[in-house]
Structures are given as structure tokens and as C-alpha cells.
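A.B. asks: entry.txt (compact mmCIF, C-alpha atoms) pasted underneath:
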# COMPACT_ATOMS: atom_id res chain seq x y z
CA MET A 1 9.92 -17.18 1.89
CA ASP A 2 13.68 -16.90 1.55
CA MET A 3 14.83 -13.52 2.83
CA GLN A 4 18.48 -14.13 3.58
CA ASP A 5 19.66 -12.64 0.31
CA GLY A 6 16.70 -10.29 -0.14
CA THR A 7 15.03 -12.45 -2.78
CA ILE A 8 11.32 -13.17 -2.80
CA GLU A 9 9.46 -16.36 -3.49
CA LYS A 10 7.93 -17.15 -6.89
CA SER A 11 4.30 -16.30 -7.52
CA TYR A 12 1.58 -17.14 -10.00
CA VAL A 13 -0.60 -15.05 -12.27
CA ARG A 14 -4.12 -14.87 -10.87
CA PRO A 15 -7.13 -14.42 -13.13
CA THR A 16 -8.51 -10.89 -12.82
CA VAL A 17 -12.16 -9.88 -12.49
CA ALA A 18 -13.20 -6.26 -13.08
CA ILE A 19 -16.41 -4.96 -11.50
CA VAL A 20 -17.94 -2.25 -13.70
CA GLY A 21 -21.22 -0.37 -13.75
CA ARG A 22 -22.89 2.96 -13.17
CA PRO A 23 -22.28 4.90 -9.93
CA ASN A 24 -24.03 3.68 -6.77
CA VAL A 25 -25.14 0.26 -8.02
CA GLY A 26 -23.19 -1.45 -5.21
CA LYS A 27 -19.81 -2.28 -6.79
CA SER A 28 -17.81 -1.38 -3.69
CA THR A 29 -20.23 -3.23 -1.41
CA LEU A 30 -19.77 -6.34 -3.54
CA MET A 31 -15.99 -5.86 -3.49
CA ASN A 32 -16.04 -5.82 0.31
CA ARG A 33 -18.43 -8.79 0.44
CA ILE A 34 -16.28 -11.00 -1.79
CA SER A 35 -12.91 -10.00 -0.33
CA GLY A 36 -14.16 -10.46 3.23
CA ARG A 37 -12.74 -7.16 4.37
CA ARG A 38 -13.42 -3.48 3.88
CA VAL A 39 -11.21 -2.79 0.87
CA SER A 40 -13.46 -0.17 -0.71
CA ILE A 41 -15.08 2.81 0.93
CA VAL A 42 -18.88 2.48 0.91
CA ASP A 43 -20.99 5.62 1.06
CA ASP A 44 -24.40 6.70 -0.23
CA LEU A 45 -22.70 9.52 -2.13
CA PRO A 46 -22.28 8.53 -5.81
CA GLY A 47 -18.70 8.55 -7.04
CA VAL A 48 -16.97 7.73 -3.76
CA THR A 49 -14.81 5.17 -5.57
CA ARG A 50 -12.82 7.10 -8.19
CA ASP A 51 -9.79 4.91 -8.77
CA LYS A 52 -9.32 1.20 -9.38
CA LEU A 53 -8.96 -0.89 -6.22
CA TYR A 54 -7.48 -4.38 -6.08
CA ALA A 55 -8.02 -7.32 -3.72
CA ASP A 56 -6.79 -10.92 -3.88
CA CYS A 57 -9.75 -13.26 -3.30
CA ASP A 58 -10.50 -16.97 -3.11
CA TRP A 59 -13.67 -18.86 -3.94
CA CYS A 60 -13.84 -22.65 -3.46
CA GLY A 61 -10.08 -22.93 -3.90
CA LYS A 62 -9.95 -20.72 -6.99
CA GLU A 63 -7.81 -17.63 -6.48
CA PHE A 64 -8.33 -14.42 -8.41
CA THR A 65 -7.77 -10.68 -8.22
CA LEU A 66 -10.86 -8.52 -7.98
CA ILE A 67 -10.78 -4.96 -9.37
CA ASP A 68 -13.30 -2.38 -8.20
CA THR A 69 -13.65 0.51 -10.66
CA GLY A 70 -15.22 3.94 -10.43
CA GLY A 71 -18.79 4.40 -11.55
CA ILE A 72 -19.26 5.01 -15.28
CA ASP A 73 -21.58 7.90 -16.13
CA ASP A 74 -22.00 10.48 -18.88
CA GLY A 75 -20.36 13.41 -17.06
CA THR A 76 -17.92 15.59 -18.98
CA ASP A 77 -15.60 16.94 -16.27
CA ASP A 78 -11.97 15.83 -16.17
CA ILE A 79 -12.33 13.51 -13.18
CA THR A 80 -15.40 11.77 -14.63
CA ARG A 81 -13.64 11.20 -17.95
CA SER A 82 -10.60 9.83 -16.11
CA VAL A 83 -12.78 7.47 -14.05
CA LYS A 84 -14.46 6.18 -17.20
CA ARG A 85 -11.11 5.67 -18.95
CA GLN A 86 -9.71 3.75 -16.00
CA ALA A 87 -12.80 1.55 -15.80
CA PHE A 88 -12.50 0.53 -19.44
CA ASP A 89 -8.73 0.06 -19.03
CA ALA A 90 -9.64 -2.52 -16.38
CA VAL A 91 -12.02 -4.21 -18.82
CA GLU A 92 -9.28 -4.41 -21.43
CA LEU A 93 -6.78 -5.96 -19.00
CA CYS A 94 -9.04 -8.34 -17.06
CA ASP A 95 -10.03 -11.95 -17.74
CA VAL A 96 -13.69 -11.69 -16.73
CA VAL A 97 -16.03 -8.68 -16.43
CA LEU A 98 -18.61 -8.53 -13.66
CA PHE A 99 -21.20 -6.01 -14.85
CA MET A 100 -23.37 -4.68 -12.01
CA THR A 101 -26.82 -3.16 -12.38
CA ASP A 102 -29.57 -2.12 -9.97
CA VAL A 103 -32.85 -4.05 -10.07
CA LYS A 104 -34.71 -1.21 -8.36
CA GLN A 105 -33.69 1.29 -11.03
CA GLY A 106 -34.17 -1.12 -13.91
CA VAL A 107 -32.27 -0.90 -17.20
CA LEU A 108 -31.19 2.70 -17.79
CA SER A 109 -29.60 4.20 -20.88
CA GLY A 110 -26.21 4.14 -19.13
CA ASP A 111 -26.52 0.37 -18.61
CA ALA A 112 -27.27 -0.17 -22.30
CA GLU A 113 -24.25 1.93 -23.36
CA ILE A 114 -21.93 -0.01 -21.04
CA ALA A 115 -23.37 -3.32 -22.29
CA ASP A 116 -22.64 -2.28 -25.90
CA ILE A 117 -19.02 -1.61 -25.03
CA LEU A 118 -18.69 -4.89 -23.12
CA ARG A 119 -20.09 -6.93 -26.01
CA LYS A 120 -17.53 -5.36 -28.34
CA SER A 121 -14.71 -6.16 -25.89
CA LYS A 122 -15.22 -9.92 -26.52
CA LYS A 123 -14.50 -10.53 -22.82
CA PRO A 124 -16.57 -13.01 -20.79
CA VAL A 125 -19.23 -10.98 -18.95
CA VAL A 126 -21.30 -12.03 -15.94
CA LEU A 127 -24.33 -9.80 -15.42
CA ALA A 128 -25.17 -9.12 -11.76
CA VAL A 129 -28.51 -7.51 -10.86
CA ASN A 130 -27.98 -6.07 -7.39
CA LYS A 131 -30.27 -4.97 -4.53
CA ALA A 132 -32.62 -7.88 -5.18
CA ASP A 133 -35.13 -9.46 -2.82
CA SER A 134 -37.96 -11.98 -3.22
CA ALA A 135 -40.15 -9.32 -4.80
CA SER A 136 -37.55 -8.50 -7.46
CA LYS A 137 -37.78 -11.69 -9.52
CA ASP A 138 -40.50 -10.31 -11.78
CA ASN A 139 -38.30 -7.29 -12.59
CA VAL A 140 -35.28 -9.28 -13.76
CA PHE A 141 -36.59 -10.08 -17.23
CA GLU A 142 -35.88 -6.62 -18.66
CA PHE A 143 -32.15 -7.16 -18.02
CA TYR A 144 -32.12 -9.83 -20.74
CA SER A 145 -32.41 -6.90 -23.18
CA LEU A 146 -28.76 -6.06 -22.45
CA GLY A 147 -27.74 -9.10 -24.50
CA LEU A 148 -25.29 -10.39 -21.91
CA GLY A 149 -26.90 -13.69 -21.05
CA GLU A 150 -28.79 -14.73 -17.97
CA PRO A 151 -28.86 -12.11 -15.19
CA CYS A 152 -27.79 -13.21 -11.71
CA LEU A 153 -29.92 -11.77 -8.92
CA ILE A 154 -27.89 -10.81 -5.85
CA SER A 155 -27.84 -8.64 -2.76
CA ALA A 156 -24.28 -7.46 -2.19
CA GLU A 157 -25.27 -5.94 1.14
CA HIS A 158 -26.82 -9.11 2.57
CA GLY A 159 -24.81 -11.68 0.59
CA SER A 160 -27.70 -13.52 -1.03
CA GLY A 161 -26.89 -14.91 -4.47
CA VAL A 162 -23.21 -13.95 -4.26
CA GLY A 163 -22.08 -17.60 -4.11
CA ASP A 164 -23.94 -18.44 -7.31
CA LEU A 165 -22.49 -15.32 -8.90
CA LEU A 166 -18.93 -16.37 -8.02
CA ASP A 167 -19.59 -19.84 -9.43
CA ARG A 168 -20.51 -18.18 -12.72
CA VAL A 169 -17.43 -15.97 -12.61
CA CYS A 170 -15.05 -18.86 -11.89
CA GLU A 171 -16.46 -20.91 -14.75
CA ASN A 172 -14.83 -18.39 -17.10
CA PHE A 173 -11.32 -18.67 -15.68
CA MET A 174 -8.50 -20.05 -17.78
CA ARG A 175 -5.92 -22.14 -15.95
CA ALA A 176 -3.41 -19.81 -14.39
CA GLU A 177 0.18 -20.40 -15.40
CA SER A 178 3.35 -19.50 -13.57
CA ASP A 179 4.76 -16.18 -14.69
CA GLY A 180 8.26 -17.37 -13.85
CA GLY A 181 8.85 -14.06 -12.11
CA GLN A 182 9.08 -12.83 -8.56
CA LYS A 183 6.37 -11.82 -6.18
CA PRO A 184 6.08 -8.04 -6.64
CA LEU A 185 7.38 -5.69 -3.98
CA SER A 186 4.47 -3.62 -2.69
CA ILE A 187 5.26 0.07 -2.26
CA ALA A 188 2.91 2.41 -0.39
CA VAL A 189 3.09 6.07 -1.39
CA VAL A 190 2.07 8.27 1.55
CA GLY A 191 2.11 11.92 2.47
CA LYS A 192 -0.02 14.99 3.03
CA PRO A 193 -2.61 16.02 0.43
CA ASN A 194 -1.29 17.59 -2.75
CA VAL A 195 2.38 16.67 -2.34
CA GLY A 196 2.25 14.82 -5.67
CA LYS A 197 1.65 11.19 -4.68
CA SER A 198 -0.67 10.35 -7.56
CA SER A 199 1.51 12.23 -10.06
CA LEU A 200 4.47 10.21 -8.83
CA VAL A 201 2.56 6.92 -9.25
CA ASN A 202 1.53 7.94 -12.76
CA ARG A 203 5.11 8.85 -13.67
CA LEU A 204 6.45 5.56 -12.33
CA SER A 205 3.79 3.53 -14.11
CA GLY A 206 4.35 5.32 -17.40
CA TYR A 207 0.75 6.40 -17.90
CA GLU A 208 -2.20 7.74 -15.96
CA ARG A 209 -3.24 5.05 -13.47
CA SER A 210 -4.28 7.41 -10.66
CA ILE A 211 -6.50 10.45 -11.04
CA VAL A 212 -4.62 13.72 -10.66
CA SER A 213 -6.31 17.00 -9.79
CA ASP A 214 -5.39 20.22 -8.03
CA VAL A 215 -8.28 19.54 -5.66
CA ALA A 216 -6.98 18.11 -2.39
CA GLY A 217 -8.52 14.71 -1.63
CA THR A 218 -8.93 13.52 -5.23
CA THR A 219 -7.51 10.13 -4.19
CA ARG A 220 -9.99 8.77 -1.65
CA ASP A 221 -8.90 5.16 -1.33
CA ALA A 222 -5.66 3.18 -1.38
CA VAL A 223 -5.18 2.29 -5.06
CA ASP A 224 -3.00 -0.67 -6.10
CA THR A 225 -1.21 -0.43 -9.46
CA LEU A 226 0.90 -3.28 -10.85
CA ILE A 227 3.88 -2.06 -12.89
CA THR A 228 6.85 -3.76 -14.55
CA VAL A 229 10.17 -1.94 -14.73
CA GLY A 230 13.35 -3.56 -15.98
CA GLY A 231 11.66 -6.95 -16.05
CA GLU A 232 10.70 -6.73 -12.34
CA ASN A 233 7.18 -6.35 -10.98
CA TYR A 234 6.11 -3.84 -8.35
CA ILE A 235 2.77 -2.92 -6.80
CA LEU A 236 2.37 0.80 -6.19
CA ILE A 237 -0.22 1.72 -3.56
CA ASP A 238 -1.36 5.31 -4.04
CA THR A 239 -3.00 6.52 -0.82
CA ALA A 240 -5.21 9.38 0.22
CA GLY A 241 -3.46 12.42 1.65
CA MET A 242 -3.31 12.36 5.44
CA ARG A 243 -4.30 15.65 7.07
CA ARG A 244 -4.14 16.48 10.74
CA LYS A 245 -6.70 14.57 12.76
CA ARG A 246 -8.39 17.72 14.04
CA ASP A 247 -9.03 18.85 10.45
CA ILE A 248 -11.06 15.72 9.58
CA ALA A 249 -14.76 15.36 10.40
CA PRO A 250 -15.35 12.21 12.53
CA ASP A 251 -17.87 10.57 10.18
CA SER A 252 -16.55 11.85 6.85
CA VAL A 253 -15.42 9.78 3.88
CA GLU A 254 -11.98 11.35 4.37
CA ARG A 255 -11.69 9.72 7.80
CA TYR A 256 -12.11 6.28 6.23
CA SER A 257 -9.64 7.26 3.49
CA VAL A 258 -6.99 7.96 6.12
CA ILE A 259 -7.73 4.61 7.76
CA ARG A 260 -7.09 2.96 4.37
CA SER A 261 -3.82 4.88 4.05
CA ILE A 262 -2.66 3.60 7.42
CA ALA A 263 -3.67 0.05 6.46
CA ALA A 264 -1.73 0.45 3.19
CA VAL A 265 1.42 1.24 5.17
CA LYS A 266 0.99 -1.90 7.24
CA ARG A 267 0.54 -4.20 4.22
CA ALA A 268 3.32 -2.64 2.14
CA ASP A 269 6.88 -3.95 1.93
CA VAL A 270 8.43 -0.48 1.48
CA VAL A 271 6.97 3.01 1.97
CA LEU A 272 7.67 6.17 -0.01
CA ILE A 273 7.18 9.16 2.31
CA VAL A 274 6.46 11.98 -0.13
CA MET A 275 7.06 15.58 0.95
CA ASP A 276 6.77 18.89 -0.88
CA ALA A 277 10.32 20.16 -1.37
CA THR A 278 9.05 23.73 -1.87
CA GLN A 279 7.81 23.77 1.73
CA GLY A 280 9.49 23.20 5.05
CA ILE A 281 9.14 19.87 6.85
CA THR A 282 5.85 20.26 8.69
CA GLU A 283 4.55 18.68 11.87
CA GLN A 284 2.23 16.50 9.76
CA ASP A 285 5.20 15.31 7.66
CA GLU A 286 6.87 14.27 10.90
CA LYS A 287 3.75 12.42 12.11
CA ILE A 288 3.43 10.50 8.85
CA ALA A 289 7.10 9.53 8.99
CA GLY A 290 6.57 8.50 12.61
CA LEU A 291 3.69 6.24 11.59
CA VAL A 292 5.92 4.52 9.05
CA HIS A 293 8.71 4.17 11.61
CA GLU A 294 6.40 2.69 14.26
CA SER A 295 5.02 0.26 11.67
CA GLY A 296 8.55 -1.11 11.25
CA LYS A 297 8.63 -0.48 7.50
CA PRO A 298 11.70 0.35 5.42
CA SER A 299 11.18 3.67 3.70
CA VAL A 300 12.51 6.31 1.34
CA VAL A 301 11.84 10.01 1.89
CA VAL A 302 10.92 11.48 -1.50
CA LEU A 303 11.30 15.26 -1.80
CA ASN A 304 8.99 16.01 -4.71
CA LYS A 305 8.69 19.24 -6.76
CA TRP A 306 12.46 19.72 -6.58
CA ASP A 307 12.36 21.47 -9.97
CA ALA A 308 10.33 24.28 -8.37
CA VAL A 309 12.85 24.92 -5.57
CA GLU A 310 15.07 27.99 -5.87
CA LYS A 311 18.57 26.58 -5.46
CA ASP A 312 22.06 27.62 -4.56
CA ALA A 313 25.20 25.59 -3.82
CA ARG A 314 23.93 24.59 -0.35
CA THR A 315 20.23 23.98 -1.01
CA LEU A 316 20.45 20.20 -0.87
CA ASP A 317 22.65 20.26 2.25
CA LYS A 318 20.20 22.60 3.99
CA LYS A 319 17.24 20.38 3.16
CA THR A 320 19.14 17.29 4.35
CA ASP A 321 20.03 19.05 7.61
CA GLU A 322 16.36 19.95 8.07
CA LEU A 323 15.39 16.31 7.58
CA LYS A 324 18.01 15.20 10.11
CA GLU A 325 16.59 17.63 12.64
CA LYS A 326 12.91 16.90 12.08
CA LEU A 327 13.32 13.14 11.63
CA ALA A 328 15.81 12.60 14.45
CA PHE A 329 13.70 9.65 15.65
CA MET A 330 14.51 7.83 12.38
CA SER A 331 18.12 8.83 11.83
CA TYR A 332 18.48 5.88 9.48
CA PHE A 333 16.37 7.62 6.79
CA THR A 334 17.50 7.93 3.19
CA SER A 335 16.13 10.61 0.87
CA ILE A 336 15.93 11.44 -2.82
CA THR A 337 14.95 14.64 -4.65
CA VAL A 338 12.64 14.24 -7.65
CA SER A 339 10.10 15.99 -9.81
CA ALA A 340 7.03 13.94 -10.72
CA LEU A 341 6.01 16.71 -13.12
CA SER A 342 9.21 16.66 -15.23
CA GLY A 343 10.32 13.11 -14.41
CA GLN A 344 13.61 14.33 -12.92
CA ARG A 345 15.34 11.44 -11.07
CA VAL A 346 12.05 9.51 -10.73
CA GLU A 347 13.75 6.48 -12.29
CA LYS A 348 16.08 6.32 -9.27
CA ILE A 349 13.22 5.78 -6.82
CA LEU A 350 12.86 2.06 -7.49
CA SER A 351 16.62 1.58 -7.06
CA SER A 352 16.30 3.22 -3.63
CA VAL A 353 13.30 1.00 -2.84
CA LYS A 354 15.26 -2.16 -3.65
CA TYR A 355 18.22 -0.88 -1.60
CA VAL A 356 16.22 -0.31 1.61
CA TRP A 357 14.31 -3.59 1.09
CA GLU A 358 17.56 -5.52 0.87
CA ASN A 359 18.73 -3.83 4.06
CA ALA A 360 15.47 -4.69 5.85
CA SER A 361 15.84 -8.30 4.62
CA ARG A 362 19.43 -8.63 5.81
CA ARG A 363 20.07 -11.52 8.19
CA ILE A 364 23.27 -11.62 10.24
CA SER A 365 24.76 -14.96 11.24
CA THR A 366 24.77 -15.62 14.97
CA GLY A 367 28.54 -15.97 15.10
CA LEU A 368 29.25 -12.66 13.36
CA LEU A 369 26.54 -10.91 15.34
CA ASN A 370 28.00 -11.97 18.68
CA GLU A 371 31.46 -10.95 17.53
CA ILE A 372 30.22 -7.41 16.81
CA VAL A 373 28.23 -7.24 20.05
CA GLY A 374 31.26 -8.50 22.00
CA GLN A 375 33.43 -5.77 20.51
CA ALA A 376 30.84 -3.13 21.36
CA VAL A 377 30.57 -4.30 24.98
CA ALA A 378 34.36 -4.46 25.31
CA ALA A 379 34.63 -0.87 24.04
CA THR A 380 31.88 0.45 26.33
CA GLU A 381 30.46 -1.66 29.13
CA PRO A 382 26.95 -0.96 30.41
CA ASN A 383 26.79 1.06 33.61
CA ALA A 384 25.91 -0.64 36.87
CA SER A 385 22.51 0.06 38.41
CA LYS A 386 21.81 -0.29 42.15
CA GLY A 387 25.00 -2.24 42.61
CA ARG A 388 24.28 -4.67 39.75
CA ARG A 389 25.99 -4.61 36.38
CA PRO A 390 24.11 -5.79 33.29
CA LYS A 391 25.62 -8.76 31.48
CA ILE A 392 24.94 -9.70 27.87
CA PHE A 393 25.37 -13.43 27.34
CA TYR A 394 24.63 -13.69 23.63
CA ALA A 395 22.56 -12.19 20.79
CA SER A 396 20.57 -13.64 17.90
CA GLN A 397 18.45 -12.37 15.00
CA PRO A 398 15.16 -14.30 14.80
CA GLU A 399 13.34 -11.96 12.40
CA ILE A 400 13.82 -9.64 9.43
CA CYS A 401 11.70 -6.90 7.84
CA PRO A 402 12.44 -5.17 10.13
CA PRO A 403 15.54 -6.85 11.59
CA LEU A 404 14.93 -7.95 15.18
CA PHE A 405 17.89 -8.64 17.49
CA VAL A 406 17.28 -10.49 20.74
CA PHE A 407 19.81 -10.15 23.57
CA LYS A 408 19.94 -12.70 26.36
CA VAL A 409 20.94 -10.83 29.54
CA ASN A 410 21.02 -11.38 33.29
CA ASP A 411 18.28 -8.76 33.92
CA ALA A 412 16.54 -6.80 31.16
CA LYS A 413 15.60 -4.01 33.58
CA LEU A 414 19.26 -3.14 34.03
CA ILE A 415 19.73 -2.18 30.36
CA HIS A 416 19.35 1.59 30.16
CA PHE A 417 17.71 3.07 27.03
CA SER A 418 20.93 4.94 26.25
CA TYR A 419 22.83 1.65 26.12
CA ARG A 420 20.14 0.15 23.89
CA ARG A 421 20.71 3.05 21.53
CA TYR A 422 24.47 2.49 21.74
CA LEU A 423 24.07 -1.16 20.75
CA GLU A 424 21.77 -0.25 17.83
CA ASN A 425 24.29 2.31 16.61
CA SER A 426 27.04 -0.31 16.88
CA LEU A 427 25.02 -2.70 14.73
CA ARG A 428 24.33 0.03 12.19
CA ARG A 429 28.03 0.88 11.96
CA ALA A 430 28.87 -2.76 11.34
CA PHE A 431 26.03 -3.54 8.90
CA ASP A 432 24.13 -1.44 6.40
CA PHE A 433 20.62 -0.91 7.74
CA THR A 434 20.05 2.39 5.96
CA GLY A 435 16.37 3.08 5.38
CA THR A 436 15.02 0.46 7.80
CA PRO A 437 14.14 0.42 11.49
CA VAL A 438 15.98 -2.03 13.71
CA ARG A 439 14.32 -3.60 16.74
CA LEU A 440 16.20 -4.67 19.89
CA LYS A 441 14.70 -6.95 22.54
CA PHE A 442 16.30 -7.88 25.86
CA ILE A 443 15.34 -11.07 27.71
CA GLY A 444 16.40 -11.69 31.28
CA ARG A 445 17.02 -15.10 32.82
CA GLY A 446 13.59 -15.24 34.40
CA ASP A 447 11.70 -13.66 31.48
CA GLU A 448 11.46 -16.69 29.21
Write out the structure in this file as C-alpha cells.

C.D. replies:
Amino acid sequence: MDMQDGTIEKSYVRPTVAIVGRPNVGKSTLMNRISGRRVSIVDDLPGVTRDKLYADCDWCGKEFTLIDTGGIDDGTDDITRSVKRQAFDAVELCDVVLFMTDVKQGVLSGDAEIADILRKSKKPVVLAVNKADSASKDNVFEFYSLGLGEPCLISAEHGSGVGDLLDRVCENFMRAESDGGQKPLSIAVVGKPNVGKSSLVNRLSGYERSIVSDVAGTTRDAVDTLITVGGENYILIDTAGMRRKRDIAPDSVERYSVIRSIAAVKRADVVLIVMDATQGITEQDEKIAGLVHESGKPSVVVLNKWDAVEKDARTLDKKTDELKEKLAFMSYFTSITVSALSGQRVEKILSSVKYVWENASRRISTGLLNEIVGQAVAATEPNASKGRRPKIFYASQPEICPPLFVFKVNDAKLIHFSYRRYLENSLRRAFDFTGTPVRLKFIGRGDE
């Protein structure tokens, strides 16, 4: 991967496979089984998965993207209708449909309705009959009535039959061709509940990709959405709202949702830290920003609901001063005021994302770096400690994203934290690292 100029390596279009079916037939369990990691939250409560979830998978050298969708039922509430619409959006956009049913429940009316829609879609469909065991073989024949070909008996929980199922799925793949584009930047959208994360994702994507409700906790999992803006691809990761730890029951679904949100931060390239501009910066806002900072991720602070803020000539300055005070540990932050509801300045978010990503990807040549460090040391030498004065021999930058600067010194223990901060500030004055953490490491002569 070439990061010196902030560019990203080329990528290829992967075939996509959408898992659809009624609630609680085991779609999320199968998603986790195939991906080899816990991508989806699994719970006995029907409807735990509400949004589409994505995972890149590999089977016998064939790469594909797996999409887990919410359960399709005949409910009439807004969230149920939105789940159903998103599931069939996935069918429309995917290459292969993996239709899951439950052998213990048999063919229900909901299965027949879904099968009718899938036949009309003209997409290749692989029928999976889940929760099967040796005694289930006699029950499989009724699934032929769905008119989707030979059923494939599996147990997503135990893994039996999943290999044969994937063989069937991969038989339907067309040869993937290069899209000639760039690998998408992945952007995690994090914040407290009800600050407008999902609304922001929907506004950026141009249509409803994440479910939006006034009920806190509507987004339960980290939801990946691929968007194209200005000919460039991005992956938006909408995450569950992160409440204070003491407010979350230890064994609740919400606890696992927060774990997914934290994992989303770690796998993202850039993080949008969304805050409610109508409120003050809370302790939880600070903790979420601290998590992003400690993860070493470039970020943009997004002050949402700006249209609802009562303003005067100094409103923006006051809010910026509040951010500087509360986020003193990440003084490099950059912020933007937006309204996901009206669309005000939302289009500027991706420009800010690209800006902080370029700064995080910046690599400084060793010669120029040592020139700047030499000037900083000449202006202010480190203080002596116990009769010994620290000496900096040279500096280098072995890593980016975030930038890591390694200083070879006579004794790392002699470098006081205040002088470390002075050197970081000197580097920030010389080079634009706005929006990204910078790491400094000191290695003594005997530390290698």
C-alpha cells in the first residue's frame, strides 16, 4: 500500500451474497460461521439484526462480500417496514441470494411469500434449510414446494453442511472484474445514542440505508454502507450509540452493540465523532473522543443539529472554545457544524475526512525530519536530570496512520513528558497533522 501521497491501492469488485429470511432462522449465526468472526449479534430475541451487515469472506480461494439482513416478517410498524425494504434492497443489489429457512418450523406462509419475491427477482438463489440434524432429512422434502431448487440442509450453529452450501453459492459467481477505482476509505460514525448518526449516514448516502427512529438504540450493530460521491468510494460504518458503562446491563444485547462500535473504530480509516450541538459537551462525549484518540485514528468532530441551535455572533466561537477545553487531550481536533435533518454543510464532511486522512498518511523524509528536530533542540534543549543531559542523535518515521516518530537518544528515561510534548508541538508546527494523533517513541542506546 502506497501511503506517501495519501493514495490507496487498487481493489477489485467482490461478488456479493445476501442472506435473507424470516426472523430467527439463523441468518446472523450463519454470517458469523462463514466470516469466522462475530460480525453479527446473535440472540434468541427475534429482530436483533435490524440493519444490513457486511463482511468480506473467502471460500476455497473465492472472495465475496456477505450481507446479513434483518428478518422479513409481516409487521406493519415503521421499523419492520424499513427492515423489509432494506432486505429487498440487498436482494436487488447482490449477485447471489442465500435464502434461509428453519427445518424445525417447516415451510411457513412467510417463507412462501419471500420465495415468490425471490423468483421474480431473477437472481440466483441457494435455499438453505437450517437447524438440521440426522433426524431432519425426512422433513426436507416440503421445502421443494418453494420452487427454488434443491434445499441444502445445514446447521449454522455447528457448521455441518456449510461447506457444501458455500460450494453451491460460489458456483453462481461471475468472474469479478477490476473496478479501476480505489479501495474505499472506511469511515466509522460514533457517538452517544440519538445524536443523529444514522440520519447522517442516510444523508451522506442519499437515501435511507440505516433505520432512523426516535427510540434510542435503534441501531444495534455496526452497519457498513458503500457509497460513491464524486466518483470516489467510501464505506460508512454506522454504529450503535455508546452510553455510559454503568447504564448498560452486563449481559444485554446493548453491551455487545457497544463492543461492535469499539471494533468499528479500530477497523476504520477515519472516525466521525458525532455530538449534539444543542447540548453541552458531556463526559460521555469526552470518553468516546478519548477512545478514538487512544485507537490512533484520524477523526473529525461533527456537531450535528446545528440548525436547532439558537445563535448569535459568538455561538461558533463559544462552541469551539468548549471543544478545546473538553478535548484538551486531542488538541489536534478539527470540527464541522452540520444538520443531518436539513443537509446543511453535510457535503463538506467527506472533504474533511479526506483532509485528515491525508494528514494521517503524511510521511516526512528523514533528512527534513532531522532538520526540524535539530532546530527544535537548538531552540530549547532538554533539561538535565540527575546530572545527565538527554541527547537526541537522530529521528525517523517508520509508520503512518497514525504517524510514528522514533527518536534515538542516549537514555530514554531522561526525556521528560513535557519535552516529549514540546517535540510533538514542534512537529505539528512544521507539518500539518490536523485531525490525527501523532506518536513519539524514544529508544536509548541499550534499548534496542

A.B. asks: Within 9 Å of Phe433 (chain A), counting only C-alpha atoms, which residues qualify if same-chain residues fewer than 3 places away don't, as number ranges by chain?

C.D. replies: A: 332, 356, 358-360, 362, 403, 427-429, 436-438

A.B. asks: Tell me which protein, DNA and RNA residues are within 12 Å of Ala112 (chain A), counting all atoms listed in the file, leaving out same-chain ones fewer than 3 positions away, and put them as a PyMOL selection string.

C.D. replies: chain A and resi 21-22+72-73+99-101+106-109+115-119+142-148

A.B. asks: Need the shell around Glu399 (chain A): protein/DNA/RNA residues with any atom at most 12 Å away, counting all atoms listed in the file. Skip same-chain ones fewer than 6 positions apart. Format as a ChimeraX atom specification?

C.D. replies: /A:2-4,296,360-365,405-406,438-441

A.B. asks: Tell me which protein, DNA and RNA residues are within 8 Å of Ser295 (chain A), counting all atoms listed in the file, leaving out same-chain ones fewer than 2 positions away, and put them as an MDAnalysis selection string.

C.D. replies: chainID A and resid 265:266 291:293 297

A.B. asks: Please return as an MDAnalysis selection string every residue within 6 Å of (10.7, 1.2, -3.3), taking into account only C-alpha atoms and the file's own coordinates.

C.D. replies: chainID A and resid 187 270 350 352:354

A.B. asks: What gap, in Å, lies between CA of Ile259 (chain A) and CA of Leu327 (chain A)?

C.D. replies: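 Between CA of Ile259 (chain A) and CA of Leu327 (chain A) the gap is 23.0 Å.
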